[in-house]
Amino acid sequence: NYNSVPTDEHTQQSHTNSYAHADMSSNSTALLGLAQPLRTEGTITEQNVYVNSFARAARPLSSDVLIKNGILSELKEYGKEIVPARCHEASNYLVTDAICDELYAGKVMAGLRSAGLKVQKLVVPVMTDESGETSTEPSKTREVFDQLVDEIIEAGINKNSCIISLGGGVVNNICGVLAAVLYRGITLVHLTTTTMGAFDAAIDFKQGINHPLGKNLLGTYWPASTIVIDPTTFRTLSQRHLLNGISEALKHGFCQSRELTDLIVQPLAQHGASKLRDPAYLEAVCKA
């Protein structure tokens, strides 16, 4: 009988002890300050619906930017400065594209490992578009993203792991989404190698991949802890890829700063397209 109430002496004593224990716990909680300080009282609407809410302060979004000619060749020295301390003993993942794999991944992997970091490499495919230019844009898909997720989880990861992008804007974006969703958010570092990355994609909190119905329809806001720009990598870019990045920088200038616009436009007006191959000019745009 679920409505019966036990009345034997032992049961009554047990209930008395339980109540006493609950009272002591309540007093201890109050004394130790363990109450819920952010708890809010709910309300009842006219329709007899209980309503309450909860909130949490948002994570601040900030990134450190390092710009140095040749820094990708000096990662033995800079590796543990670029990758945060919490990641130093974890398994970290360098994600690059097939072109940057040939150009830079060897020395980058060697430098990071010489610095004492545990790093594994994953490579994103590169394709040739209708103009004959190489592009990683066709790899900015759910399929490539899912494959990277599977490989990383199978290889081993924890909350202290870091995703390190080595490449241009597409690789930077893919890695941003990876870092944001794995373990609900892990460390992100960009080693960006193109003007598009250095002037736009890597120096932003927006991370995205494409959907069959549109570009960048899937994504999030997630900050890289460190963004590394080595302007010497721009030497390998085609004229089109140089212009892609300059166009993005010019867009920022039009929207935000006459000074930035003049810094970009005046040298090109005076010297022509050859200025795009001037390391000092490209570095100045990076720093602006």
# chains A, B, ... in the order shown; residues from 1 in each chain; ligands from 1

$ residues_around --residues "region 112-129 of chain A" --least-positions-apart "5" --cutoff "10 Å" --atoms "only C-alpha atoms" --output "number ranges by chain"
A: 72, 74-83, 87-101, 105-107, 134-140, 144-145, 147-148, 151-152, 155, 161-167, 170-171, 174

$ residues_around --residues "region 272-284 of chain A" --least-positions-apart "2" --cutoff "8 Å" --atoms "only C-alpha atoms" --output "list in words"
Pro231, Thr232, Arg235, Gln239, Leu242, Leu243, Pro267, Leu268, Ala269, Gln270, Cys286, Lys287 and Ala288 of chain A

$ residues_around --residues "Ser73 (chain A)" --least-positions-apart "4" --cutoff "9 Å" --atoms "only C-alpha atoms" --output "ChimeraX atom specification"
/A:104,107-108,111

$ write_last_selection --atoms "N, CA and C atoms" --output "short mmCIF file (atom, residue, chain, number, x, y, z; two decimals), in the first residue's frame"
data_model
loop_
_atom_site.label_atom_id
_atom_site.label_comp_id
_atom_site.auth_asym_id
_atom_site.auth_seq_id
_atom_site.Cartn_x
_atom_site.Cartn_y
_atom_site.Cartn_z
N TYR A 104 55.94 23.76 -47.42
CA TYR A 104 56.26 24.18 -46.06
C TYR A 104 56.11 23.13 -44.97
N LYS A 107 59.33 21.50 -43.07
CA LYS A 107 60.08 22.32 -42.11
C LYS A 107 59.20 22.74 -40.93
N VAL A 108 57.90 22.92 -41.18
CA VAL A 108 57.00 23.29 -40.08
C VAL A 108 56.87 22.14 -39.09
N GLY A 111 60.14 21.78 -37.21
CA GLY A 111 60.33 22.85 -36.24
C GLY A 111 59.47 22.67 -35.01
#

$ closest_residue --among "A:Gly42, A:Gly176, A:Pro212, A:Gly168" --to "Thr192 (chain A)" --atoms "only C-alpha atoms"
A:Gly168

$ select_by_dssp --residues "region 52-96 of chain A" --states "helix (DSSP H, G or I)" --output "PyMOL selection string"
chain A and resi 71-73+75-82+85-87

$ write_last_selection --atoms "N, CA, C and O atoms" --output "compact mmCIF listing (two decimals), in the first residue's frame"
# COMPACT_ATOMS: atom_id res chain seq x y z
N ILE A 71 59.56 33.29 -40.22
CA ILE A 71 59.25 32.67 -38.93
C ILE A 71 58.91 31.19 -39.07
O ILE A 71 59.13 30.39 -38.15
N LEU A 72 58.39 30.77 -40.24
CA LEU A 72 58.08 29.34 -40.42
C LEU A 72 59.35 28.48 -40.42
O LEU A 72 59.26 27.27 -40.23
N SER A 73 60.49 29.10 -40.64
CA SER A 73 61.76 28.37 -40.57
C SER A 73 62.38 28.42 -39.18
O SER A 73 63.46 27.86 -38.96
N LEU A 75 60.56 27.71 -36.17
CA LEU A 75 59.57 27.21 -35.22
C LEU A 75 60.19 26.40 -34.08
O LEU A 75 59.54 26.19 -33.05
N LYS A 76 61.42 25.96 -34.24
CA LYS A 76 62.10 25.33 -33.10
C LYS A 76 62.20 26.34 -31.96
O LYS A 76 62.07 25.99 -30.78
N GLU A 77 62.43 27.60 -32.32
CA GLU A 77 62.55 28.67 -31.32
C GLU A 77 61.19 29.18 -30.89
O GLU A 77 60.95 29.45 -29.71
N TYR A 78 60.27 29.32 -31.84
CA TYR A 78 59.00 29.99 -31.56
C TYR A 78 57.82 29.05 -31.30
O TYR A 78 56.75 29.49 -30.89
N GLY A 79 58.03 27.74 -31.52
CA GLY A 79 56.91 26.80 -31.46
C GLY A 79 56.11 26.86 -30.18
O GLY A 79 54.87 26.94 -30.19
N LYS A 80 56.77 26.85 -29.04
CA LYS A 80 56.06 26.83 -27.76
C LYS A 80 55.55 28.20 -27.36
O LYS A 80 54.77 28.31 -26.41
N GLU A 81 55.96 29.22 -28.07
CA GLU A 81 55.37 30.54 -27.87
C GLU A 81 54.09 30.67 -28.68
O GLU A 81 53.11 31.27 -28.24
N ILE A 82 54.10 30.07 -29.86
CA ILE A 82 52.94 30.13 -30.75
C ILE A 82 51.82 29.22 -30.26
O ILE A 82 50.65 29.60 -30.27
N ALA A 85 50.63 26.94 -23.75
CA ALA A 85 51.24 25.98 -22.82
C ALA A 85 50.34 24.79 -22.54
O ALA A 85 50.83 23.67 -22.37
N ARG A 86 49.02 25.00 -22.48
CA ARG A 86 48.13 23.89 -22.16
C ARG A 86 48.16 22.79 -23.21
O ARG A 86 47.71 21.67 -22.96
N CYS A 87 48.68 23.09 -24.40
CA CYS A 87 48.73 22.11 -25.49
C CYS A 87 50.07 21.40 -25.60
O CYS A 87 50.22 20.49 -26.43

$ residues_around --residues "region 53-68 of chain A" --least-positions-apart "4" --cutoff "7 Å" --atoms "only C-alpha atoms" --output "ChimeraX atom specification"
/A:223-230

$ write_last_selection --atoms "C-alpha atoms" --output "tab-separated table (two decimals), in the first residue's frame"
chain	number	residue	atom	x	y	z
A	223	PRO	CA	39.09	32.71	-32.07
A	224	ALA	CA	42.55	31.51	-32.94
A	225	SER	CA	44.80	31.93	-29.91
A	226	THR	CA	47.69	32.87	-32.23
A	227	ILE	CA	47.85	33.93	-35.88
A	228	VAL	CA	51.27	33.70	-37.52
A	229	ILE	CA	52.04	35.53	-40.77
A	230	ASP	CA	55.29	34.89	-42.62

$ atom_distance --atom1 "CA of Ile264 (chain A)" --atom2 "CA of His241 (chain A)"
15.9 Å

$ select_by_dssp --residues "region 49-259 of chain A" --states "strand (DSSP E)" --output "MDAnalysis selection string"
chainID A and resid 50:51 64:67 91:97 118:124 127:128 134:135 162:167 187:192 206:211 214:221 226:229
